[in-house]
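Enquirer: Sending over model-v7.pdb (PDB, C-alpha atoms, pLDDT in the B column).
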ATOM      1  CA  MET A   1     -56.624  28.142  43.723  1.00 52.00           C
ATOM      2  CA  GLU A   2     -58.779  31.154  43.258  1.00 58.00           C
ATOM      3  CA  GLN A   3     -59.695  32.271  39.759  1.00 69.00           C
ATOM      4  CA  ASN A   4     -60.219  35.938  40.622  1.00 69.00           C
ATOM      5  CA  GLN A   5     -56.810  36.939  41.922  1.00 66.00           C
ATOM      6  CA  PRO A   6     -55.486  40.222  40.435  1.00 67.00           C
ATOM      7  CA  ILE A   7     -52.430  40.021  38.231  1.00 68.00           C
ATOM      8  CA  LEU A   8     -49.500  41.634  40.003  1.00 66.00           C
ATOM      9  CA  GLU A   9     -47.278  43.775  37.826  1.00 68.00           C
ATOM     10  CA  ASN A  10     -43.579  43.830  38.457  1.00 68.00           C
ATOM     11  CA  GLU A  11     -42.362  47.379  39.139  1.00 63.00           C
ATOM     12  CA  LEU A  12     -39.039  46.640  37.423  1.00 65.00           C
ATOM     13  CA  ASP A  13     -40.609  45.199  34.268  1.00 64.00           C
ATOM     14  CA  THR A  14     -39.977  47.551  31.330  1.00 59.00           C
ATOM     15  CA  LYS A  15     -42.695  45.973  29.191  1.00 65.00           C
ATOM     16  CA  THR A  16     -45.570  47.047  31.450  1.00 64.00           C
ATOM     17  CA  ASN A  17     -44.308  50.343  32.866  1.00 64.00           C
ATOM     18  CA  LYS A  18     -44.186  53.004  30.141  1.00 73.00           C
ATOM     19  CA  PRO A  19     -42.417  55.785  32.110  1.00 74.00           C
ATOM     20  CA  LYS A  20     -39.617  53.409  33.063  1.00 73.00           C
ATOM     21  CA  THR A  21     -39.397  52.189  29.469  1.00 80.00           C
ATOM     22  CA  SER A  22     -39.002  55.694  28.058  1.00 87.00           C
ATOM     23  CA  ARG A  23     -36.455  56.603  30.738  1.00 87.00           C
ATOM     24  CA  PHE A  24     -34.519  53.427  29.982  1.00 88.00           C
ATOM     25  CA  TYR A  25     -34.420  54.126  26.236  1.00 91.00           C
ATOM     26  CA  PHE A  26     -33.447  57.763  26.823  1.00 94.00           C
ATOM     27  CA  LEU A  27     -30.551  56.807  29.095  1.00 95.00           C
ATOM     28  CA  LEU A  28     -29.498  54.018  26.749  1.00 95.00           C
ATOM     29  CA  GLY A  29     -29.390  56.448  23.811  1.00 97.00           C
ATOM     30  CA  PHE A  30     -27.706  59.201  25.792  1.00 97.00           C
ATOM     31  CA  PHE A  31     -24.917  57.010  27.133  1.00 97.00           C
ATOM     32  CA  GLY A  32     -24.575  55.295  23.759  1.00 97.00           C
ATOM     33  CA  ILE A  33     -23.956  58.638  22.041  1.00 98.00           C
ATOM     34  CA  PHE A  34     -21.685  59.731  24.911  1.00 97.00           C
ATOM     35  CA  VAL A  35     -19.515  56.610  24.673  1.00 97.00           C
ATOM     36  CA  PHE A  36     -19.408  56.861  20.872  1.00 97.00           C
ATOM     37  CA  ALA A  37     -18.251  60.510  21.015  1.00 98.00           C
ATOM     38  CA  TRP A  38     -15.766  59.829  23.811  1.00 97.00           C
ATOM     39  CA  SER A  39     -14.207  56.924  21.955  1.00 97.00           C
ATOM     40  CA  GLY A  40     -13.929  59.051  18.804  1.00 96.00           C
ATOM     41  CA  CYS A  41     -12.154  61.808  20.711  1.00 96.00           C
ATOM     42  CA  TYR A  42      -9.856  59.275  22.355  1.00 96.00           C
ATOM     43  CA  GLY A  43      -9.049  57.743  18.968  1.00 95.00           C
ATOM     44  CA  LEU A  44      -8.151  61.160  17.583  1.00 94.00           C
ATOM     45  CA  TYR A  45      -5.974  61.842  20.626  1.00 94.00           C
ATOM     46  CA  LYS A  46      -4.259  58.463  20.429  1.00 95.00           C
ATOM     47  CA  HIS A  47      -3.455  58.756  16.701  1.00 92.00           C
ATOM     48  CA  LYS A  48      -2.547  62.436  16.655  1.00 89.00           C
ATOM     49  CA  PHE A  49       0.009  63.906  14.284  1.00 84.00           C
ATOM     50  CA  VAL A  50       3.557  63.885  15.576  1.00 83.00           C
ATOM     51  CA  SER A  51       5.776  66.490  13.974  1.00 80.00           C
ATOM     52  CA  GLY A  52       9.088  65.356  12.585  1.00 73.00           C
ATOM     53  CA  LYS A  53      11.645  68.030  13.407  1.00 81.00           C
ATOM     54  CA  ASP A  54      14.367  66.412  11.297  1.00 83.00           C
ATOM     55  CA  VAL A  55      12.579  66.790   7.960  1.00 81.00           C
ATOM     56  CA  LYS A  56      14.757  68.381   5.301  1.00 85.00           C
ATOM     57  CA  VAL A  57      12.935  70.891   3.144  1.00 83.00           C
ATOM     58  CA  ASN A  58      14.289  72.203  -0.137  1.00 85.00           C
ATOM     59  CA  GLU A  59      15.257  75.860  -0.065  1.00 87.00           C
ATOM     60  CA  SER A  60      13.137  76.499  -3.156  1.00 86.00           C
ATOM     61  CA  SER A  61       9.916  75.245  -1.530  1.00 87.00           C
ATOM     62  CA  LYS A  62       9.986  77.426   1.599  1.00 86.00           C
ATOM     63  CA  TYR A  63       7.762  80.454   2.198  1.00 87.00           C
ATOM     64  CA  GLU A  64      10.571  82.754   1.072  1.00 87.00           C
ATOM     65  CA  PRO A  65      12.403  80.614  -1.501  1.00 84.00           C
ATOM     66  CA  LYS A  66      16.114  80.951  -2.129  1.00 83.00           C
ATOM     67  CA  TYR A  67      17.223  80.056  -5.617  1.00 78.00           C
ATOM     68  CA  GLU A  68      20.770  79.416  -6.641  1.00 72.00           C
TER      69      GLU A  68
END
Written as structure tokens, that's how I'd like the structure from this file.
Expert:
Amino acid sequence: MEQNQPILENELDTKTNKPKTSRFYFLLGFFGIFVFAWSGCYGLYKHKFVSGKDVKVNESSKYEPKYE
């Protein structure tokens, strides 16, 4: 066993490689925001308002009311 062997750094280790760490955090944040926005849009689409055509409206509450 030699005492003077250099310590080999793992290229895939995010703790020792700062450019890979910043890229990882950027992509994590970007896709996190993307998924959050996409799921919000999908939720709005899924629970959209459905118009009821058979709703009876009083004649006196229309845009041009008709009174008896």
Enquirer: Could you check how far CA of Cys41 (chain A) sits from CA of Asp54 (chain A), in Å to one decimal?
Expert: 28.5 Å
Enquirer: For region 49-62 of chain A, take all atoms listed in the file, fit an axis-aligned box around them, add 3 Å to each of the six sides, then output centre and edge lengths in Å rounded to one decimal, as JSON.
Expert:
{"center_x": 7.6, "center_y": 70.7, "center_z": 6.2, "size_x": 21.2, "size_y": 19.5, "size_z": 24.7}
Enquirer: For CA of Tyr45 (chain A) and CA of Ile33 (chain A), determine how far apart the two atoms are, in Å to one decimal place.
Expert: 18.3 Å
Enquirer: Any idea what the distance is between CA of Gly32 (chain A) and CA of Pro19 (chain A)?
Expert: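 Spanning CA of Gly32 (chain A) to CA of Pro19 (chain A) is a straight-line distance of 19.7 Å.
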